[in-house]
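Q: Data file final_29.csv (CSV, C-alpha atoms) is appended below.
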```csv
chain,number,residue,atom,x,y,z
A,778,MET,CA,-42.5,79.5,-63.2
A,779,SER,CA,-43.7,76.2,-61.8
A,780,GLU,CA,-40.6,74.3,-63.4
A,781,ALA,CA,-38.2,76.8,-61.8
A,782,LEU,CA,-39.8,76.3,-58.4
A,783,GLN,CA,-39.7,72.5,-58.9
A,784,SER,CA,-36.0,72.6,-59.9
A,785,GLU,CA,-35.2,74.7,-56.8
A,786,GLY,CA,-37.2,72.3,-54.6
A,787,ASN,CA,-35.2,69.3,-55.9
A,788,GLY,CA,-32.0,71.2,-55.1
A,789,HIS,CA,-33.0,71.7,-51.5
A,790,SER,CA,-34.0,68.1,-51.2
A,791,ARG,CA,-30.6,66.8,-52.4
A,792,ARG,CA,-28.7,69.2,-50.2
A,793,ALA,CA,-30.7,68.0,-47.1
A,794,LEU,CA,-30.1,64.4,-48.0
A,795,LEU,CA,-26.3,64.9,-48.3
A,796,ALA,CA,-26.3,66.9,-45.0
A,797,GLY,CA,-28.1,64.1,-43.2
A,798,VAL,CA,-25.8,61.4,-44.5
A,799,THR,CA,-22.7,63.4,-43.6
A,800,GLY,CA,-24.0,64.1,-40.1
A,801,GLY,CA,-24.7,60.3,-39.5
A,802,ILE,CA,-21.2,59.4,-40.5
A,803,ALA,CA,-19.7,62.0,-38.2
A,804,ALA,CA,-21.9,60.8,-35.3
A,805,PHE,CA,-20.9,57.1,-35.9
A,806,ALA,CA,-17.2,58.1,-36.0
A,807,ALA,CA,-17.5,60.1,-32.8
A,808,SER,CA,-19.3,57.2,-31.1
A,809,ALA,CA,-16.6,54.7,-32.2
A,810,LEU,CA,-13.8,57.0,-31.0
A,811,ALA,CA,-15.5,57.3,-27.6
A,812,ARG,CA,-15.8,53.5,-27.1
A,813,PRO,CA,-12.7,51.5,-25.8
A,814,GLU,CA,-11.2,48.8,-28.1
A,815,GLN,CA,-12.5,45.4,-27.2
A,816,ALA,CA,-10.3,42.3,-26.9
A,817,LYS,CA,-11.6,39.8,-29.4
A,818,ALA,CA,-11.1,36.0,-29.3
A,819,GLY,CA,-9.5,35.7,-32.7
A,820,THR,CA,-7.0,37.9,-34.5
A,821,ASP,CA,-9.7,38.2,-37.2
A,822,GLY,CA,-12.2,39.6,-34.6
A,823,ASP,CA,-14.6,36.6,-34.3
A,824,VAL,CA,-14.8,33.3,-32.5
A,825,VAL,CA,-15.2,30.8,-35.4
A,826,LEU,CA,-17.2,27.6,-34.6
A,827,GLY,CA,-15.7,24.5,-36.2
A,828,GLY,CA,-12.4,26.1,-36.8
A,829,GLN,CA,-9.2,27.3,-35.1
A,830,ASN,CA,-9.1,30.6,-33.2
A,831,THR,CA,-5.8,32.4,-32.4
A,832,ALA,CA,-5.6,35.4,-30.0
A,833,THR,CA,-2.9,37.4,-28.4
A,834,LYS,CA,-5.0,38.2,-25.3
A,835,ALA,CA,-7.1,36.2,-22.8
A,836,THR,CA,-10.7,35.7,-23.6
A,837,VAL,CA,-12.8,36.3,-20.4
A,838,ILE,CA,-16.4,35.2,-19.9
A,839,GLN,CA,-17.8,36.5,-16.7
A,840,THR,CA,-21.3,36.2,-15.2
A,841,THR,CA,-22.7,38.5,-12.4
A,842,ASN,CA,-24.5,35.6,-10.6
A,843,THR,CA,-23.8,32.0,-9.7
A,844,ILE,CA,-24.8,30.5,-13.1
A,845,PRO,CA,-22.0,28.8,-15.1
A,846,ALA,CA,-20.0,31.2,-17.2
A,847,LEU,CA,-19.6,28.5,-19.9
A,848,SER,CA,-21.6,25.4,-20.6
A,849,LEU,CA,-20.5,22.8,-23.1
A,850,VAL,CA,-22.7,19.8,-24.2
A,851,SER,CA,-21.4,17.2,-26.7
A,852,GLN,CA,-22.2,13.6,-27.8
A,853,GLY,CA,-18.5,13.0,-27.5
A,854,THR,CA,-15.8,14.9,-25.6
A,855,ALA,CA,-17.2,18.3,-24.7
A,856,LEU,CA,-13.8,20.1,-24.1
A,857,VAL,CA,-10.2,19.3,-25.1
A,858,THR,CA,-7.4,21.5,-24.0
A,859,GLN,CA,-3.7,21.3,-24.8
A,860,GLY,CA,-1.0,23.2,-22.9
A,861,LEU,CA,2.3,23.6,-24.8
A,862,GLY,CA,4.2,25.2,-21.9
A,863,SER,CA,6.0,28.5,-22.1
A,864,SER,CA,9.0,29.6,-24.1
A,865,SER,CA,11.1,29.6,-20.9
A,866,GLY,CA,10.2,25.9,-20.2
A,867,ASP,CA,8.2,26.8,-17.0
A,868,PRO,CA,6.6,23.4,-15.9
A,869,ASN,CA,3.9,25.3,-14.0
A,870,PHE,CA,1.9,26.2,-17.1
A,871,ALA,CA,-1.2,24.0,-17.2
A,872,ALA,CA,-3.7,23.2,-20.0
A,873,ILE,CA,-6.5,24.2,-17.6
A,874,SER,CA,-6.3,26.5,-14.6
A,875,ALA,CA,-9.5,27.3,-12.7
A,876,SER,CA,-10.1,29.5,-9.6
A,877,HIS,CA,-12.9,31.4,-7.9
A,878,ALA,CA,-13.1,35.1,-8.2
A,879,SER,CA,-14.6,35.3,-4.6
A,880,ALA,CA,-13.2,33.6,-1.5
A,881,ALA,CA,-16.8,33.2,-0.3
A,882,ALA,CA,-17.8,31.0,-3.3
A,883,VAL,CA,-19.3,27.6,-2.5
A,884,GLU,CA,-19.7,26.2,-6.0
A,885,PRO,CA,-16.8,24.3,-7.6
A,886,ALA,CA,-14.6,26.2,-10.0
A,887,ILE,CA,-15.0,23.4,-12.6
A,888,SER,CA,-17.9,21.0,-12.7
A,889,ALA,CA,-18.1,18.2,-15.2
A,890,GLY,CA,-20.7,15.5,-15.6
A,891,ALA,CA,-20.9,12.4,-17.7
A,892,LEU,CA,-23.8,10.0,-18.4
A,893,GLY,CA,-23.5,6.3,-18.5
A,894,SER,CA,-20.1,4.7,-17.8
A,895,THR,CA,-17.9,7.4,-19.4
A,896,THR,CA,-15.4,9.6,-17.5
A,897,ALA,CA,-16.3,13.1,-16.5
A,898,ILE,CA,-12.8,14.6,-16.6
A,899,VAL,CA,-9.6,13.1,-18.2
A,900,GLY,CA,-6.2,14.6,-17.7
A,901,ARG,CA,-3.3,13.4,-19.8
A,902,ALA,CA,0.4,14.1,-19.9
A,903,GLY,CA,2.4,12.0,-22.3
A,904,ARG,CA,2.9,11.0,-25.9
A,905,ARG,CA,-0.7,11.5,-26.9
A,906,VAL,CA,-0.3,15.2,-26.1
A,907,LEU,CA,2.6,15.8,-28.4
A,908,PRO,CA,3.7,13.2,-30.9
A,909,ASN,CA,7.1,11.7,-30.4
A,910,GLN,CA,7.5,13.5,-27.1
A,911,VAL,CA,7.4,11.9,-23.6
A,912,ALA,CA,6.0,14.3,-21.0
A,913,THR,CA,6.9,13.9,-17.4
A,914,GLY,CA,4.2,16.2,-16.0
A,915,ASN,CA,1.1,15.2,-14.1
A,916,GLY,CA,-2.2,14.2,-15.8
A,917,VAL,CA,-4.2,15.9,-13.1
A,918,GLU,CA,-2.8,18.1,-10.3
A,919,GLY,CA,-4.8,19.7,-7.5
A,920,TYR,CA,-3.6,22.3,-5.0
A,921,ALA,CA,-5.4,23.7,-1.9
A,922,ASP,CA,-4.3,26.0,0.9
A,923,GLY,CA,-6.3,24.2,3.6
A,924,GLY,CA,-8.6,21.6,2.0
A,925,ALA,CA,-7.8,18.5,0.0
A,926,GLY,CA,-5.6,19.0,-3.1
A,927,VAL,CA,-7.6,16.3,-4.9
A,928,ARG,CA,-10.8,14.7,-3.5
A,929,GLY,CA,-12.9,11.9,-4.9
A,930,THR,CA,-16.3,10.9,-3.7
A,931,SER,CA,-18.5,8.0,-4.8
A,932,THR,CA,-21.7,6.6,-3.5
A,933,SER,CA,-20.9,3.0,-4.4
A,934,GLY,CA,-17.5,2.8,-6.2
A,935,ASN,CA,-14.0,3.9,-5.2
A,936,GLY,CA,-13.7,7.4,-4.1
A,937,THR,CA,-10.2,7.7,-5.7
A,938,GLU,CA,-8.5,5.1,-7.8
A,939,GLY,CA,-5.0,5.1,-9.2
A,940,ILE,CA,-3.6,2.8,-11.9
A,941,SER,CA,0.0,2.5,-13.1
A,942,SER,CA,1.6,0.2,-15.6
A,943,GLY,CA,5.1,1.1,-14.4
A,944,ALA,CA,6.9,-1.8,-12.7
A,945,SER,CA,8.7,0.5,-10.2
A,946,ALA,CA,5.8,3.0,-9.7
A,947,ALA,CA,2.8,2.9,-7.5
A,948,GLY,CA,-0.9,2.8,-8.4
A,949,VAL,CA,-1.5,5.4,-5.6
A,950,SER,CA,1.4,7.3,-3.9
A,951,GLY,CA,1.2,9.5,-0.9
A,952,ASP,CA,4.0,11.8,0.2
A,953,ASN,CA,3.9,14.2,3.1
A,954,GLN,CA,6.7,16.8,3.1
A,955,GLY,CA,5.7,18.4,6.4
A,956,GLY,CA,6.4,15.4,8.6
A,957,GLY,CA,2.8,14.0,8.7
A,958,TYR,CA,1.5,10.7,7.4
A,959,GLY,CA,2.2,9.9,3.8
A,960,ALA,CA,-1.1,8.0,3.4
A,961,VAL,CA,-4.1,7.6,5.7
A,962,GLY,CA,-7.1,5.2,5.3
A,963,GLY,CA,-10.2,5.1,7.5
A,964,THR,CA,-13.5,3.4,7.7
A,965,THR,CA,-16.5,3.2,10.1
A,966,SER,CA,-16.9,-0.6,9.4
A,967,ALA,CA,-16.6,-3.0,12.3
A,968,THR,CA,-15.2,-5.7,10.0
A,969,ASN,CA,-13.4,-4.1,7.1
A,970,ALA,CA,-9.9,-2.6,7.3
A,971,GLY,CA,-9.0,1.1,7.2
A,972,VAL,CA,-6.3,0.2,4.7
A,973,TRP,CA,-6.4,-2.8,2.4
A,974,GLY,CA,-3.5,-4.1,0.2
A,975,ASN,CA,-4.0,-6.9,-2.4
A,976,ASN,CA,-1.3,-8.5,-4.5
A,977,TYR,CA,-2.5,-10.5,-7.5
A,978,GLY,CA,0.9,-12.0,-7.9
A,979,SER,CA,3.1,-13.8,-5.4
A,980,GLY,CA,4.4,-10.7,-3.6
A,981,ALA,CA,3.3,-9.1,-0.3
A,982,GLY,CA,-0.1,-7.6,0.0
A,983,VAL,CA,1.2,-4.8,2.2
A,984,LYS,CA,4.9,-3.9,2.6
A,985,ALA,CA,6.3,-1.3,4.9
A,986,THR,CA,10.0,-0.2,5.2
A,987,SER,CA,11.7,2.4,7.4
A,988,SER,CA,15.3,3.6,7.4
A,989,SER,CA,15.6,3.5,11.2
A,990,GLY,CA,12.1,3.2,12.8
A,991,ASP,CA,9.5,0.4,12.8
A,992,GLY,CA,8.6,-1.1,9.4
A,993,VAL,CA,5.1,-1.8,10.7
A,994,PHE,CA,3.6,-0.3,13.9
A,995,GLY,CA,0.2,-1.5,15.0
A,996,GLN,CA,-1.9,-0.2,17.9
A,997,GLY,CA,-5.3,-1.3,19.0
A,998,GLY,CA,-7.2,-4.2,20.6
A,999,ASN,CA,-4.6,-6.3,18.9
A,1000,GLY,CA,-1.5,-4.4,17.9
A,1001,VAL,CA,-1.2,-6.6,14.8
A,1002,HIS,CA,-3.8,-9.1,13.9
A,1003,GLY,CA,-4.0,-11.5,10.9
A,1004,VAL,CA,-5.4,-14.8,9.9
A,1005,GLY,CA,-3.4,-17.6,8.3
A,1006,ILE,CA,-5.5,-19.6,5.8
A,1007,GLY,CA,-4.1,-23.0,4.9
A,1008,GLY,CA,-0.7,-22.1,6.3
A,1009,THR,CA,1.4,-22.8,9.5
A,1010,GLY,CA,1.4,-19.1,10.5
A,1011,GLY,CA,-0.8,-17.6,13.2
A,1012,PHE,CA,-3.1,-14.7,12.8
A,1013,PHE,CA,-2.4,-13.2,9.3
A,1014,THR,CA,-4.3,-14.0,6.1
A,1015,SER,CA,-2.0,-16.0,3.9
A,1016,THR,CA,-2.5,-18.7,1.3
A,1017,GLY,CA,1.2,-19.6,1.7
A,1018,PRO,CA,3.0,-21.4,4.5
A,1019,ASP,CA,3.4,-18.4,6.9
A,1020,GLY,CA,0.8,-16.1,8.4
A,1021,VAL,CA,3.5,-13.9,9.8
A,1022,PHE,CA,7.1,-13.7,8.5
A,1023,GLY,CA,9.6,-11.5,10.2
A,1024,GLN,CA,13.3,-11.0,9.3
A,1025,GLY,CA,15.8,-8.8,11.0
A,1026,ALA,CA,19.6,-8.6,11.7
A,1027,ALA,CA,19.0,-9.4,15.4
A,1028,THR,CA,15.4,-10.5,15.8
A,1029,GLY,CA,13.0,-11.7,13.2
A,1030,VAL,CA,9.9,-11.2,15.4
A,1031,HIS,CA,9.9,-9.2,18.6
A,1032,GLY,CA,7.1,-9.2,21.1
A,1033,PHE,CA,6.8,-7.2,24.3
A,1034,CYS,CA,4.1,-7.2,27.0
A,1035,GLN,CA,3.8,-5.0,30.0
A,1036,GLY,CA,1.1,-7.1,31.7
A,1037,ALA,CA,2.0,-9.1,34.8
A,1038,ASN,CA,0.5,-12.3,33.4
A,1039,GLY,CA,0.7,-11.5,29.7
A,1040,ALA,CA,2.9,-13.0,27.0
A,1041,GLY,CA,5.4,-11.2,24.9
A,1042,VAL,CA,4.7,-13.7,22.1
A,1043,LEU,CA,1.7,-15.9,22.0
A,1044,GLY,CA,1.3,-18.8,19.6
A,1045,VAL,CA,-2.0,-20.7,19.3
A,1046,ALA,CA,-2.8,-23.5,16.9
A,1047,SER,CA,-5.8,-25.8,16.5
A,1048,SER,CA,-3.8,-28.8,15.3
A,1049,GLY,CA,-0.2,-27.8,14.7
A,1050,ALA,CA,2.5,-26.4,16.9
A,1051,GLY,CA,1.6,-23.2,18.8
A,1052,VAL,CA,5.2,-21.9,18.7
A,1053,LYS,CA,8.1,-23.5,16.7
A,1054,GLY,CA,11.7,-22.5,16.6
A,1055,THR,CA,14.2,-23.8,14.0
A,1056,THR,CA,17.9,-23.0,13.3
A,1057,SER,CA,20.6,-24.6,11.1
A,1058,PHE,CA,23.4,-23.1,13.2
A,1059,ALA,CA,25.0,-25.8,15.5
A,1060,ALA,CA,26.2,-23.4,18.1
A,1061,THR,CA,22.7,-21.9,18.9
A,1062,ALA,CA,19.4,-23.3,20.0
A,1063,GLY,CA,16.2,-23.7,18.0
A,1064,VAL,CA,14.3,-22.2,21.0
A,1065,ALA,CA,16.2,-20.2,23.7
A,1066,ALA,CA,14.5,-19.5,27.0
A,1067,GLU,CA,16.0,-17.1,29.5
A,1068,ASN,CA,14.9,-15.5,32.7
A,1069,THR,CA,17.1,-12.6,33.8
A,1070,GLY,CA,15.0,-12.1,37.1
A,1071,GLY,CA,16.0,-15.5,38.7
A,1072,GLY,CA,12.7,-17.3,37.8
A,1073,ASN,CA,12.0,-20.2,35.6
A,1074,ALA,CA,13.5,-19.9,32.1
A,1075,LEU,CA,11.2,-22.7,30.9
A,1076,LYS,CA,7.9,-23.7,32.2
A,1077,VAL,CA,5.9,-26.6,30.7
A,1078,THR,CA,2.3,-27.3,31.5
A,1079,GLY,CA,1.3,-30.7,30.1
A,1080,LYS,CA,3.5,-33.4,28.5
A,1081,ALA,CA,7.1,-32.8,27.4
A,1082,ALA,CA,8.5,-35.0,24.6
A,1083,PHE,CA,12.2,-35.2,23.6
A,1084,ASN,CA,13.4,-37.1,20.6
A,1085,ARG,CA,16.8,-37.8,22.3
A,1086,SER,CA,15.2,-40.0,24.9
A,1087,GLY,CA,13.6,-43.4,25.0
A,1088,ILE,CA,13.5,-46.9,26.4
A,1089,ALA,CA,16.0,-49.6,25.7
A,1090,SER,CA,15.4,-53.3,26.3
A,1091,ILE,CA,18.0,-55.7,27.7
A,1092,ALA,CA,16.3,-59.0,26.6
A,1093,GLY,CA,18.2,-61.8,28.4
A,1094,THR,CA,17.1,-65.4,28.4
A,1095,ALA,CA,18.0,-68.5,30.3
A,1096,GLY,CA,19.9,-69.7,27.3
A,1097,SER,CA,21.4,-66.3,26.5
A,1098,PRO,CA,21.7,-64.1,29.6
A,1099,LYS,CA,22.6,-60.4,28.9
A,1100,ASN,CA,23.9,-57.4,30.9
A,1101,SER,CA,24.1,-54.6,28.2
A,1102,VAL,CA,22.4,-53.0,25.2
A,1103,VAL,CA,23.7,-50.7,22.5
A,1104,VAL,CA,21.5,-47.7,21.6
A,1105,THR,CA,21.8,-45.6,18.4
A,1106,VAL,CA,21.7,-41.9,19.0
A,1107,PRO,CA,19.1,-40.0,17.0
A,1108,GLY,CA,19.9,-36.5,15.6
A,1109,ALA,CA,23.3,-35.0,16.2
A,1110,ALA,CA,26.3,-37.0,17.4
A,1111,LEU,CA,27.4,-37.2,21.0
A,1112,SER,CA,30.1,-34.8,22.2
A,1113,ALA,CA,32.4,-34.7,25.3
A,1114,ALA,CA,29.8,-32.5,26.9
A,1115,SER,CA,26.9,-34.9,26.3
A,1116,MET,CA,25.4,-36.7,29.3
A,1117,VAL,CA,23.4,-39.9,29.1
A,1118,LEU,CA,21.0,-40.6,32.0
A,1119,ALA,CA,19.7,-44.2,32.3
A,1120,THR,CA,17.5,-45.8,34.9
A,1121,ILE,CA,15.7,-49.2,35.1
A,1122,GLN,CA,12.0,-49.1,34.5
A,1123,GLY,CA,10.7,-51.4,37.2
A,1124,ASN,CA,12.2,-53.0,40.3
A,1125,PRO,CA,14.0,-56.2,39.5
A,1126,ALA,CA,15.7,-57.6,42.6
A,1127,GLY,CA,19.4,-56.9,42.8
A,1128,VAL,CA,19.6,-55.3,39.3
A,1129,TYR,CA,20.7,-51.7,38.6
A,1130,VAL,CA,22.4,-49.7,35.9
A,1131,GLN,CA,26.1,-49.9,36.5
A,1132,GLY,CA,27.2,-47.4,33.9
A,1133,VAL,CA,26.9,-45.9,30.4
A,1134,VAL,CA,29.7,-45.8,27.8
A,1135,LYS,CA,29.4,-43.2,25.1
A,1136,GLY,CA,30.5,-43.5,21.5
A,1137,THR,CA,30.0,-41.0,18.7
A,1138,THR,CA,26.6,-42.1,17.3
A,1139,THR,CA,25.9,-44.8,19.9
A,1140,PHE,CA,26.1,-45.5,23.6
A,1141,THR,CA,26.0,-48.7,25.6
A,1142,ILE,CA,24.1,-49.3,28.8
A,1143,PHE,CA,25.6,-51.8,31.3
A,1144,LEU,CA,23.8,-53.6,34.1
A,1145,ASN,CA,25.5,-54.7,37.3
A,1146,LYS,CA,24.9,-58.4,36.3
A,1147,THR,CA,23.4,-60.5,33.6
A,1148,VAL,CA,19.7,-61.0,33.4
A,1149,THR,CA,17.6,-63.8,32.0
A,1150,THR,CA,14.5,-61.7,31.6
A,1151,ASN,CA,13.6,-58.5,29.7
A,1152,VAL,CA,14.8,-55.5,31.6
A,1153,LYS,CA,13.7,-52.1,30.3
A,1154,VAL,CA,15.9,-49.1,30.9
A,1155,GLY,CA,14.8,-45.5,30.3
A,1156,TRP,CA,17.5,-43.1,28.9
A,1157,PHE,CA,17.7,-39.3,28.3
A,1158,ILE,CA,20.5,-37.3,26.6
A,1159,ILE,CA,21.5,-33.8,27.8
A,1160,ASN,CA,23.7,-31.6,25.6
```
Once more with this new file: its structure as C-alpha cells, please.

A:
Amino acid sequence: MSEALQSEGNGHSRRALLAGVTGGIAAFAASALARPEQAKAGTDGDVVLGGQNTATKATVIQTTNTIPALSLVSQGTALVTQGLGSSSGDPNFAAISASHASAAAVEPAISAGALGSTTAIVGRAGRRVLPNQVATGNGVEGYADGGAGVRGTSTSGNGTEGISSGASAAGVSGDNQGGGYGAVGGTTSATNAGVWGNNYGSGAGVKATSSSGDGVFGQGGNGVHGVGIGGTGGFFTSTGPDGVFGQGAATGVHGFCQGANGAGVLGVASSGAGVKGTTSFAATAGVAAENTGGGNALKVTGKAAFNRSGIASIAGTAGSPKNSVVVTVPGAALSAASMVLATIQGNPAGVYVQGVVKGTTTFTIFLNKTVTTNVKVGWFIIN
C-alpha cells in the first residue's frame, strides 16, 4: 500500500518538474520574441578587446548627461582610426567625424589631452595610412558655420603652427573664397608685430604679390616702417645692403603725401646719404626733380657739391708766363650741349677769362693775357 502511494507520488513530482521546465522555456521564448533585435558591434555579437571587430551597422554610445560617452586611456596612443574612403571614391569620408547632438552644447565634441611633450591629436593623410599609396587629403580638417574652422590656443607656445617640407608649399596657408582677408594676424603688444615673417635662408622674410592691386599696403602711424641693420637702406630690418627694395615697370618706390609741408619720400641717414639715385641709362637722370606747379624743382638747404666742378690754376712765372690751362673732364665726356662756366677766383688787376675751348675729355681755359703769378679759375660744367 505504502509502495504504491510512493510510486504515485514520484510520478506526480516528475510531471510537475517537466511542466515547470516547459513553462520556463516558453516564457523565455516569448520574452525574446517581444524584444527588438540589438545591433551588435561585431558580426559575432561581441566587442573583442585586443582583436579586430567587424560590423555592418554603426555602433552608438550615448549618455543622457554631459559626461563623456567614451573615455580612452593608454600609455601610448589611445585611439587610432583609419578611413579607407567609400566605394564611390567620395573624398568627404573621414576617419573621424564628430558633432554635437544638441545645438545648445558648450562642451567640445572631441576632447583630447596629453601629458608631457607628446601631441594630443595627430591627423595624417599619406603613405603611412596605406602602404605604397600617396594620399592628397588633409591630415586635419575643421568646418564651422559661424565660428573658426580650426582654432588653436596656447598659454605660452604657438596657438597654431604649420610645418611643410614642400618647396612650393607653405607652412601656413590662408585662403578666403568670400572676398575677405586670406590671413589676419593681431596682437595687443606695443612693440611686437601683428604678423611676423622670418626667412632662415637668403630670401625675403615677407613677400606680397597682387595681380593688379598693391603688393603691400600699409596704414598706421607710419604706413610702412622698417629698420635697416648694417645696410644702406632706411627703415626696414635687413642684414643685407637694402632696408627697402622696390621694383616696378614704371616706379620702383612710390611715395605720396597730402600734407602741405610733408614729403612724398623722406630719406634719413646718420652717416650715409639720405636719398641716393643711380641709373646706368645715359639718356636719363640719376635723380630727377620736377615741379608741375611752377615752383622750385630742386631746393637745397646746406652745401651742394658737384664732381664736374673745380678750381684750375694757371701758374705763370717771370721766366715762364702763362695765359691758359688744360682741365681733364671727370665722368662722362663733353657733348655739343655741354657748357663750361669759368671765373677767376680773386681780383687780379686787368686779368679776366677770355674764353673756354671744349674738347671731348678736356677743355682749355684762356685768360686775356699772360700772367707771371698763380691765378686760380673756378669752373663748372652743365649738361

Q: Could you check how far CA of Val949 in chain A sits from CA of Ala897 in chain A, in Å to one decimal?

A: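 A separation of 19.9 Å between them.
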
Q: For range 1078-1084 of chain A, please output as a list in words all residues within 12 Å (counting all atoms listed in the file; exclusion window: fewer than 4 positions along the same chain).

A: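 After dropping sequence-adjacent residues, the list is Ile1088, Val1106, Pro1107, Gly1108, Ala1109, Trp1156, Phe1157, Ile1158 and Ile1159 of chain A.
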
Q: So that I can check the surroundings of Leu1118 in chain A, please list as a count of residues only every protein, DNA and RNA residue that reaches within 12 Å of it, counting all atoms listed in the file and ignoring chain neighbours fewer than 6 positions away.

A: 20

Q: Report, in Å with one decimal, the straight-line distance from CA of Ile1121 in chain A to CA of Val1152 in chain A.

A: 7.3 Å

Q: Please compute the CA of Val850 in chain A-CA of Gly924 in chain A distance, one decimal, in Å.

A: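 Between these atoms lies a distance of 29.8 Å.
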
Q: What's around Cys1034 in chain A at 12 Å? Count only C-alpha atoms, leave out sequence neighbours fewer than 4 positions away in its own chain, and write the answer as a list in words.

A: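 After dropping sequence-adjacent residues, the list is Asn999, Gly1000, Asn1038, Gly1039, Ala1040, Gly1041, Val1042 and Leu1043 of chain A.
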
Q: Save out the residues we just selected, C-alpha atoms, as an mmCIF file, in the coordinates of the input.

A:
```cif
data_model
loop_
_atom_site.group_PDB
_atom_site.id
_atom_site.type_symbol
_atom_site.label_atom_id
_atom_site.label_comp_id
_atom_site.auth_asym_id
_atom_site.auth_seq_id
_atom_site.Cartn_x
_atom_site.Cartn_y
_atom_site.Cartn_z
ATOM 1 C CA ASN A 999 -4.600 -6.300 18.900
ATOM 2 C CA GLY A 1000 -1.500 -4.400 17.900
ATOM 3 C CA ASN A 1038 0.500 -12.300 33.400
ATOM 4 C CA GLY A 1039 0.700 -11.500 29.700
ATOM 5 C CA ALA A 1040 2.900 -13.000 27.000
ATOM 6 C CA GLY A 1041 5.400 -11.200 24.900
ATOM 7 C CA VAL A 1042 4.700 -13.700 22.100
ATOM 8 C CA LEU A 1043 1.700 -15.900 22.000
#
```

Q: Please determine, counting only C-alpha atoms, which residue among A:Tyr920, A:Phe1143, A:Phe994, A:Phe1022 has the shortest atom-to-atom distance to Val1102 in chain A.

A: A:Phe1143

Q: Taking only C-alpha atoms into account, which of A:Ser888, A:Thr968, A:Ser931, A:Ser950 comes nearest Leu849 in chain A?

A: A:Ser888

Q: Show me, as number ranges by chain, the residues that have an atom within 9 Å of Arg928 in chain A when counting only C-alpha atoms, minus same-chain residues fewer than 4 positions from it.

A: A: 919, 936-937

Q: How would the residues just chosen look if you wrote them out with C-alpha atoms as a compact mmCIF listing (two decimals), in the frame of the given file?

A:
```txt
# COMPACT_ATOMS: atom_id res chain seq x y z
CA GLY A 919 -4.80 19.70 -7.50
CA GLY A 936 -13.70 7.40 -4.10
CA THR A 937 -10.20 7.70 -5.70
```

Q: Just checking: using all atoms listed in the file, which residue out of A:Thr840, A:Thr895, A:Gln996, A:Gln829 ends up closest to Gln852 in chain A?

A: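 For Gln852 in chain A, the nearest of the candidates is A:Thr895.
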